[in-house]
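With compact mmCIF, C-alpha atoms inside, this is my_file24.txt:
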# COMPACT_ATOMS: atom_id res chain seq x y z
CA MET S 25 0.00 0.00 0.00
CA ALA S 26 2.74 2.41 0.96
CA SER S 27 4.73 1.40 -2.10
CA SER S 28 1.81 2.01 -4.50
CA ALA S 29 1.12 5.43 -2.90
CA LYS S 30 4.76 6.37 -3.32
CA HIS S 31 4.67 5.23 -6.94
CA ALA S 32 1.49 7.28 -7.56
CA GLN S 33 3.13 10.35 -6.04
CA LYS S 34 6.16 9.92 -8.22
CA PHE S 35 4.04 9.50 -11.34
CA ALA S 36 1.92 12.57 -10.44
CA ARG S 37 5.11 14.62 -9.98
CA ARG S 38 6.29 13.61 -13.47
CA LEU S 39 2.89 14.57 -14.93
CA PHE S 40 3.13 17.89 -13.09
CA GLN S 41 6.56 18.59 -14.61
CA LEU S 42 5.05 17.93 -18.04
CA SER S 43 2.29 20.44 -17.26
CA LEU S 44 4.72 23.36 -16.87
CA ALA S 45 5.64 25.70 -19.73
CA ASP S 46 8.31 28.28 -19.02
CA GLY S 47 8.06 27.51 -15.30
CA ALA S 48 4.33 28.19 -15.20
CA VAL S 49 1.30 25.92 -15.37
CA SER S 50 0.02 25.75 -18.95
CA ALA S 51 -3.68 25.08 -19.53
CA GLU S 52 -2.96 23.32 -22.83
CA ARG S 53 -0.43 21.01 -21.24
CA VAL S 54 -2.77 20.22 -18.33
CA THR S 55 -5.49 19.35 -20.84
CA GLY S 56 -3.05 17.11 -22.71
CA VAL S 57 -1.95 15.39 -19.50
CA LEU S 58 -5.55 14.71 -18.47
CA ALA S 59 -6.35 13.33 -21.93
CA TYR S 60 -3.33 11.04 -21.67
CA ILE S 61 -4.44 9.80 -18.25
CA GLU S 62 -7.94 9.19 -19.57
CA LYS S 63 -6.60 7.19 -22.47
CA HIS S 64 -3.86 5.33 -20.61
CA ARG S 65 -5.17 4.70 -17.16
CA PRO S 66 -2.35 4.24 -14.69
CA ALA S 67 -2.46 2.01 -11.61
CA LYS S 68 -4.41 3.70 -8.80
CA PRO S 69 -5.75 6.47 -11.11
CA VAL S 70 -7.69 8.24 -8.34
CA MET S 71 -4.61 8.47 -6.18
CA VAL S 72 -2.55 9.78 -9.11
CA LEU S 73 -5.18 12.39 -10.04
CA ARG S 74 -5.48 13.61 -6.44
CA ALA S 75 -1.73 14.02 -6.14
CA TYR S 76 -1.57 15.75 -9.55
CA HIS S 77 -4.43 18.10 -8.57
CA ARG S 78 -2.70 18.97 -5.31
CA LEU S 79 0.53 19.82 -7.12
CA ILE S 80 -1.24 21.94 -9.80
CA ALA S 81 -3.31 23.77 -7.15
CA ALA S 82 -0.22 24.51 -5.08
CA GLU S 83 1.62 25.80 -8.15
CA LEU S 84 -1.33 27.98 -9.19
CA ALA S 85 -1.58 29.31 -5.61
CA ARG S 86 2.11 30.22 -5.76
CA GLY S 87 1.35 32.34 -8.83
CA GLN S 88 -1.70 34.07 -7.32
CA ALA S 89 -1.93 36.67 -4.60
CA VAL S 90 -5.40 36.31 -3.11
CA ILE S 91 -6.17 39.70 -1.64
CA GLU S 92 -8.94 39.60 0.96
CA HIS S 93 -10.27 43.05 1.75
CA ALA S 94 -13.00 44.92 3.62
CA GLY S 95 -14.15 48.03 1.87
CA SER S 96 -13.10 49.09 -1.58
CA VAL S 97 -9.64 48.52 -3.07
CA SER S 98 -8.60 50.27 -6.23
CA ASP S 99 -7.19 48.45 -9.24
CA ALA S 100 -4.01 50.42 -8.81
CA SER S 101 -3.64 49.07 -5.29
CA LEU S 102 -4.20 45.51 -6.53
CA GLN S 103 -1.60 45.96 -9.26
CA ALA S 104 0.85 47.48 -6.79
CA ILE S 105 0.47 44.47 -4.53
CA ALA S 106 0.86 42.04 -7.47
CA ALA S 107 4.01 43.87 -8.54
CA ALA S 108 5.43 43.78 -5.03
CA MET S 109 4.77 40.04 -4.75
CA THR S 110 6.18 39.41 -8.23
CA LYS S 111 9.32 41.19 -7.17
CA LYS S 112 9.44 39.40 -3.83
CA TYR S 113 8.97 35.86 -5.21
CA ALA S 114 10.83 36.49 -8.49
CA ARG S 115 7.97 35.00 -10.51
CA ALA S 116 4.77 36.25 -12.06
CA VAL S 117 2.11 36.75 -9.40
CA THR S 118 -1.40 37.90 -10.31
CA ALA S 119 -3.76 39.62 -7.89
CA VAL S 120 -7.13 37.98 -7.16
CA PRO S 121 -9.39 40.22 -5.01
CA ARG S 122 -11.80 38.59 -2.57
CA PRO S 123 -14.10 40.67 -0.32
CA ASP S 124 -14.10 39.71 3.38
CA PRO S 125 -16.13 42.03 5.66
CA ALA S 126 -14.81 40.15 8.74
CA LEU S 127 -11.55 42.07 8.31
CA LEU S 128 -13.46 45.30 9.22
CA ALA S 129 -10.84 47.31 7.31
CA GLY S 130 -7.51 46.51 5.67
CA LEU S 131 -6.07 43.65 3.60
CA ARG S 132 -4.94 40.06 3.93
CA VAL S 133 -2.75 38.71 1.10
CA ARG S 134 -2.18 34.96 0.59
CA VAL S 135 0.54 33.71 -1.76
CA GLY S 136 0.75 29.95 -1.56
CA ASP S 137 1.19 29.15 2.11
CA ASP S 138 2.43 32.66 2.96
CA VAL S 139 0.03 35.17 4.51
CA TYR S 140 0.58 38.93 4.83
CA GLU S 141 -1.94 40.85 6.83
CA SER S 142 -2.62 44.47 7.62
CA SER S 143 -6.16 44.66 8.88
CA ILE S 144 -8.11 45.72 11.95
CA ALA S 145 -9.26 42.13 12.53
CA GLY S 146 -5.63 41.00 12.39
CA ARG S 147 -4.71 43.57 15.01
CA LEU S 148 -7.60 42.64 17.28
CA GLU S 149 -6.95 38.88 16.98
CA PRO S 150 -3.80 38.75 19.19
CA LEU S 151 -5.78 40.39 22.00
CA THR S 152 -8.12 37.41 22.25
CA ALA S 153 -5.26 34.90 22.03
CA GLY S 154 -4.20 36.03 25.50
CA MET Z 53 57.95 -66.52 147.42
CA PHE Z 54 60.06 -66.52 144.23
CA ALA Z 55 63.33 -66.03 145.98
CA PRO Z 56 64.01 -69.72 146.54
CA LEU Z 57 63.07 -70.47 142.95
CA LEU Z 58 65.34 -67.75 141.63
CA ALA Z 59 68.13 -68.92 143.86
CA GLU Z 60 67.66 -72.43 142.67
CA ALA Z 61 67.67 -71.33 139.10
CA ALA Z 62 70.77 -69.22 139.66
CA ALA Z 63 72.66 -72.21 141.03
CA PRO Z 64 75.33 -73.46 138.64
CA SER Z 65 74.00 -76.99 138.61
CA GLY Z 66 73.02 -77.72 134.93
CA GLY Z 67 73.31 -74.58 132.77
CA LEU Z 68 70.91 -71.80 131.83
CA LEU Z 69 68.41 -73.99 130.00
CA ASP Z 70 68.21 -76.47 132.79
CA GLY Z 71 67.70 -73.69 135.16
CA PHE Z 72 64.95 -72.28 133.03
CA VAL Z 73 63.29 -75.71 132.89
CA GLN Z 74 63.56 -76.12 136.54
CA LEU Z 75 62.05 -72.65 136.93
CA LEU Z 76 59.11 -73.60 134.77
CA ASN Z 77 58.71 -76.80 136.62
CA GLY Z 78 58.81 -74.89 139.82
CA LEU Z 79 56.03 -72.69 138.51
CA GLY Z 80 53.95 -75.76 137.66
CA VAL Z 81 54.36 -75.39 133.89
CA SER Z 82 54.96 -78.63 132.09
CA TRP Z 83 56.50 -78.84 128.65
CA SER Z 84 53.71 -80.87 127.23
CA GLY Z 85 51.12 -78.57 128.63
CA LEU Z 86 52.96 -75.54 127.30
CA ILE Z 87 53.32 -77.06 123.86
CA ALA Z 88 49.66 -78.10 123.85
CA GLN Z 89 48.70 -74.59 124.93
CA MET Z 90 50.83 -73.13 122.18
CA ILE Z 91 49.32 -75.45 119.61
CA ASN Z 92 45.84 -74.66 120.86
CA PHE Z 93 46.63 -70.99 120.79
CA SER Z 94 48.00 -71.28 117.28
CA ILE Z 95 44.93 -73.14 116.11
CA VAL Z 96 42.62 -70.62 117.73
CA ALA Z 97 44.70 -67.79 116.40
CA PHE Z 98 44.65 -69.27 112.89
CA ILE Z 99 40.92 -69.87 113.03
CA LEU Z 100 40.34 -66.39 114.34
CA TRP Z 101 42.66 -64.95 111.69
CA ARG Z 102 41.19 -67.00 108.93
CA PHE Z 103 37.53 -66.73 109.69
CA ALA Z 104 37.16 -63.62 111.80
CA PHE Z 105 39.95 -61.11 111.44
CA LYS Z 106 40.58 -61.61 107.75
CA PRO Z 107 36.91 -61.13 106.57
CA VAL Z 108 36.52 -58.30 109.03
CA MET Z 109 39.70 -56.70 107.76
CA ALA Z 110 38.62 -57.31 104.19
CA THR Z 111 35.27 -55.77 104.96
CA LEU Z 112 36.98 -52.87 106.69
CA ASP Z 113 39.35 -52.44 103.73
CA GLU Z 114 36.46 -52.59 101.34
CA ARG Z 115 34.50 -50.07 103.36
CA GLN Z 116 37.57 -47.89 103.64
CA LYS Z 117 37.98 -48.10 99.87
CA LYS Z 118 34.32 -47.30 99.44
CA ILE Z 119 34.61 -44.39 101.82
CA ASP Z 120 37.74 -43.20 100.02
CA SER Z 121 36.00 -43.67 96.70
CA GLY Z 122 32.94 -41.86 97.99
CA LEU Z 123 35.05 -39.01 99.35
CA LYS Z 124 36.95 -38.85 96.09
CA TYR Z 125 33.70 -38.93 94.16
CA ALA Z 126 32.30 -36.25 96.43
CA ASP Z 127 35.40 -34.14 95.87
CA GLU Z 128 35.16 -34.68 92.12
CA MET Z 129 31.48 -33.88 92.23
CA LYS Z 130 32.20 -30.78 94.26
CA ALA Z 131 34.84 -29.72 91.75
CA LYS Z 132 32.53 -30.50 88.86
CA LEU Z 133 29.72 -28.66 90.59
CA GLU Z 134 31.96 -25.65 91.08
CA GLN Z 135 33.07 -25.88 87.46
CA ALA Z 136 29.48 -26.27 86.34
CA GLN Z 137 28.48 -23.30 88.47
CA GLN Z 138 31.32 -21.27 86.99
CA GLU Z 139 30.36 -22.37 83.50
CA SER Z 140 26.68 -21.67 84.10
CA ALA Z 141 27.61 -18.28 85.58
CA ALA Z 142 29.72 -17.58 82.51
CA VAL Z 143 26.91 -18.74 80.24
CA ILE Z 144 24.39 -16.63 82.14
CA LYS Z 145 26.72 -13.65 81.97
CA HIS Z 146 27.30 -14.19 78.25
CA ALA Z 147 23.55 -14.60 77.74
CA GLN Z 148 22.94 -11.41 79.70
CA VAL Z 149 25.49 -9.58 77.55
CA GLU Z 150 23.94 -10.99 74.39
CA ALA Z 151 20.44 -10.16 75.63
CA THR Z 152 21.53 -6.62 76.48
CA LYS Z 153 23.15 -6.30 73.07
CA LEU Z 154 20.02 -7.62 71.34
CA ILE Z 155 17.80 -5.29 73.33
CA ASP Z 156 20.04 -2.35 72.47
CA GLU Z 157 20.03 -3.30 68.80
CA ALA Z 158 16.26 -3.75 68.86
CA ARG Z 159 15.83 -0.37 70.52
CA LYS Z 160 18.18 1.21 68.02
CA ALA Z 161 16.38 -0.43 65.07
CA ALA Z 162 13.00 0.59 66.47
CA LYS Z 163 14.20 4.14 66.92
CA GLU Z 164 15.64 4.25 63.40
CA PHE Z 165 12.41 2.78 61.99
CA ALA Z 166 10.34 5.30 63.91
CA ASP Z 167 12.60 8.15 62.75
CA ARG Z 168 12.40 6.93 59.16
CA GLU Z 169 8.64 6.62 59.30
CA GLN Z 170 8.33 10.03 60.89
CA LYS Z 171 10.59 11.56 58.23
CA ALA Z 172 8.66 9.81 55.44
CA ALA Z 173 5.36 10.98 56.88
CA SER Z 174 6.75 14.49 57.19
CA ASP Z 175 8.05 14.38 53.62
CA ARG Z 176 4.69 13.10 52.38
CA ALA Z 177 2.88 15.84 54.25
CA ASN Z 178 5.25 18.49 52.89
CA ASP Z 179 4.87 17.05 49.41
CA LEU Z 180 1.09 17.13 49.70
CA ILE Z 181 1.19 20.70 50.97
CA ALA Z 182 3.53 21.74 48.15
CA LYS Z 183 1.33 20.02 45.55
CA ALA Z 184 -1.78 21.62 47.02
CA GLN Z 185 -0.09 25.02 46.94
CA GLN Z 186 1.00 24.43 43.34
CA ALA Z 187 -2.53 23.36 42.41
CA ILE Z 188 -3.97 26.44 44.10
CA GLU Z 189 -1.41 28.63 42.34
CA LEU Z 190 -2.13 27.01 38.98
CA GLU Z 191 -5.86 27.31 39.54
CA LYS Z 192 -5.43 30.95 40.45
CA LYS Z 193 -3.30 31.62 37.36
CA LYS Z 194 -5.76 29.74 35.17
CA MET Z 195 -8.65 31.69 36.65
CA LEU Z 196 -6.84 34.97 36.06
CA ALA Z 197 -5.90 33.92 32.52
CA ASP Z 198 -9.49 32.87 31.83
CA ALA Z 199 -10.79 36.13 33.21
CA ARG Z 200 -8.20 38.07 31.22
CA GLY Z 201 -9.06 36.12 28.05
CA GLU Z 202 -12.77 36.59 28.60
CA ILE Z 203 -12.36 40.30 29.20
CA ALA Z 204 -10.15 40.61 26.10
CA ARG Z 205 -12.68 38.63 24.07
CA LEU Z 206 -15.51 40.89 25.24
CA VAL Z 207 -13.45 43.98 24.47
CA VAL Z 208 -12.60 42.66 20.99
CA VAL Z 209 -16.19 41.65 20.27
CA THR Z 210 -17.43 45.00 21.43
CA THR Z 211 -14.76 46.81 19.44
CA ARG Z 212 -15.63 44.82 16.32
CA ARG Z 213 -19.32 45.63 16.69
CA VAL Z 214 -18.58 49.27 17.23
CA LEU Z 215 -16.19 49.40 14.28
CA GLU Z 216 -18.63 47.52 12.04
CA LYS Z 217 -21.22 50.16 12.79
CA GLU Z 218 -19.08 53.21 13.01
CA LEU Z 219 -16.42 52.76 10.26
CA SER Z 220 -17.38 54.66 7.14
CA ASP Z 221 -16.42 53.62 3.60
CA ALA Z 222 -14.01 56.51 3.42
CA GLU Z 223 -12.26 55.40 6.58
CA ARG Z 224 -12.05 51.85 5.30
CA THR Z 225 -10.58 53.09 2.03
CA ARG Z 226 -8.01 55.16 3.88
CA PHE Z 227 -7.08 52.19 6.03
CA ASN Z 228 -6.84 50.01 2.91
CA ASP Z 229 -4.57 52.48 1.20
CA SER Z 230 -2.42 52.53 4.28
CA ALA Z 231 -2.36 48.72 4.28
CA VAL Z 232 -1.31 48.69 0.62
CA ARG Z 233 1.57 51.00 1.41
CA GLU Z 234 2.57 48.80 4.31
CA LEU Z 235 2.43 45.58 2.25
CA THR Z 236 4.20 46.97 -0.78
CA GLY Z 237 6.80 48.79 1.29
CA ALA Z 238 6.00 52.06 -0.44
Encoded form (structure tokens):
Amino acid sequence: MASSAKHAQKFARRLFQLSLADGAVSAERVTGVLAYIEKHRPAKPVMVLRAYHRLIAAELARGQAVIEHAGSVSDASLQAIAAAMTKKYARAVTAVPRPDPALLAGLRVRVGDDVYESSIAGRLEPLTAG
Amino acid sequence: MFAPLLAEAAAPSGGLLDGFVQLLNGLGVSWSGLIAQMINFSIVAFILWRFAFKPVMATLDERQKKIDSGLKYADEMKAKLEQAQQESAAVIKHAQVEATKLIDEARKAAKEFADREQKAASDRANDLIAKAQQAIELEKKKMLADARGEIARLVVVTTRRVLEKELSDAERTRFNDSAVRELTGA
């Protein structure tokens, strides 16, 4: 069981490498990879697809800056943040705005697993943590 | 009365023996009678020696030996008794010393045991007191922390409600612009 899971992970990683074009996830290549999997079903296809999906999602998240905000944020601000993150991570990062009234005011930016926050909710949160 | 006889005997008529015989004859002692008396005496003496004196002497010797033996035995017994008394006295003394030693050791062991038990009980009591104090201290700290957390939570909740109501769009926009500057390092 452990051996087959490891094999599926390895295979998913190879498929993920094939899905990249110029270091970024390419929609055409992902489509081609999925068509290949559909035609040539590997052993444990569900396990392989889950691992592949996890890798693609993580890679896409690394290229997106999800900007949660309360109140209005101008396009210029979004672009400024995307530019700052692109510079910081040395790869293309696009801004994806997402309204979140729970922040009260301010922003929370997620790039992959990294979180940057400057909001009133973020400043109030440590007070309740004690 | 004897003077004539002695004079007659002293006369130098037939020698000393004849004189002696004549003296005996003068006394009325005849040779045959004397010899018969001597033989009779010898026989009586032998019979007395053989059947009276000898058994009596043997009995006396035997009794003397028995008495000597008894005295010797009594002396030996006395010596043995004295030795036995000395030995028993020594044994009693040794036993007394051993008993005293055992009693002292028992007292010492009992005292040590009592001291150990007392110390253990004291340690247990101190441990219990320390644990109780720690528990009280922890409970107090926890209570204070809970109270502090609850107060902070109420303050935050209240603040949030107030800010949700009171913050205007313009203020939010200003805060957002400030956040953008902070995040971009501008």
Find the residues near segment 205-210 of chain Z: any atom within 7 Å, counting all atoms listed in the file, skip ones fewer than 4 places away on the same chain, and give them as JSON, numbers by chain.
-> {"S": [148, 152], "Z": [201, 214]}
Considering only C-alpha atoms, extract the chain S residues located within 7 Å of chain Z and return them as number ranges by chain.
-> S: 95-97, 101, 104-105, 108, 128-131, 142, 148, 151-152, 154
So which residues are close to (-7.1, 38.3, -0.2), meaning at most 9 Å away in the file's coordinates with all atoms listed in the file counted, and can you show them as a PyMOL selection string?
-> chain S and resi 89-93+119-124+131-134
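Note that atom CA of Val135 of chain S and atom CA of Gln88 of chain S are 6.0 Å apart.
The residue that comes closest to Leu44 of chain S, out of S:Leu79, S:Ala32, S:Ile144, S:Val70 and on the basis of only C-alpha atoms, is S:Leu79.
Our summary of the geometry notes that atom CA of Arg38 of chain S is positioned 13.3 Å from atom CA of Arg78 of chain S.
Relative to atom CA of Ala88 of chain Z, atom CA of Leu68 of chain Z is found at 23.6 Å.
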Using all atoms listed in the file, which of S:Met109, S:Ala51, S:Leu84, S:Ala29 sits nearest Gly136 of chain S?
-> S:Leu84
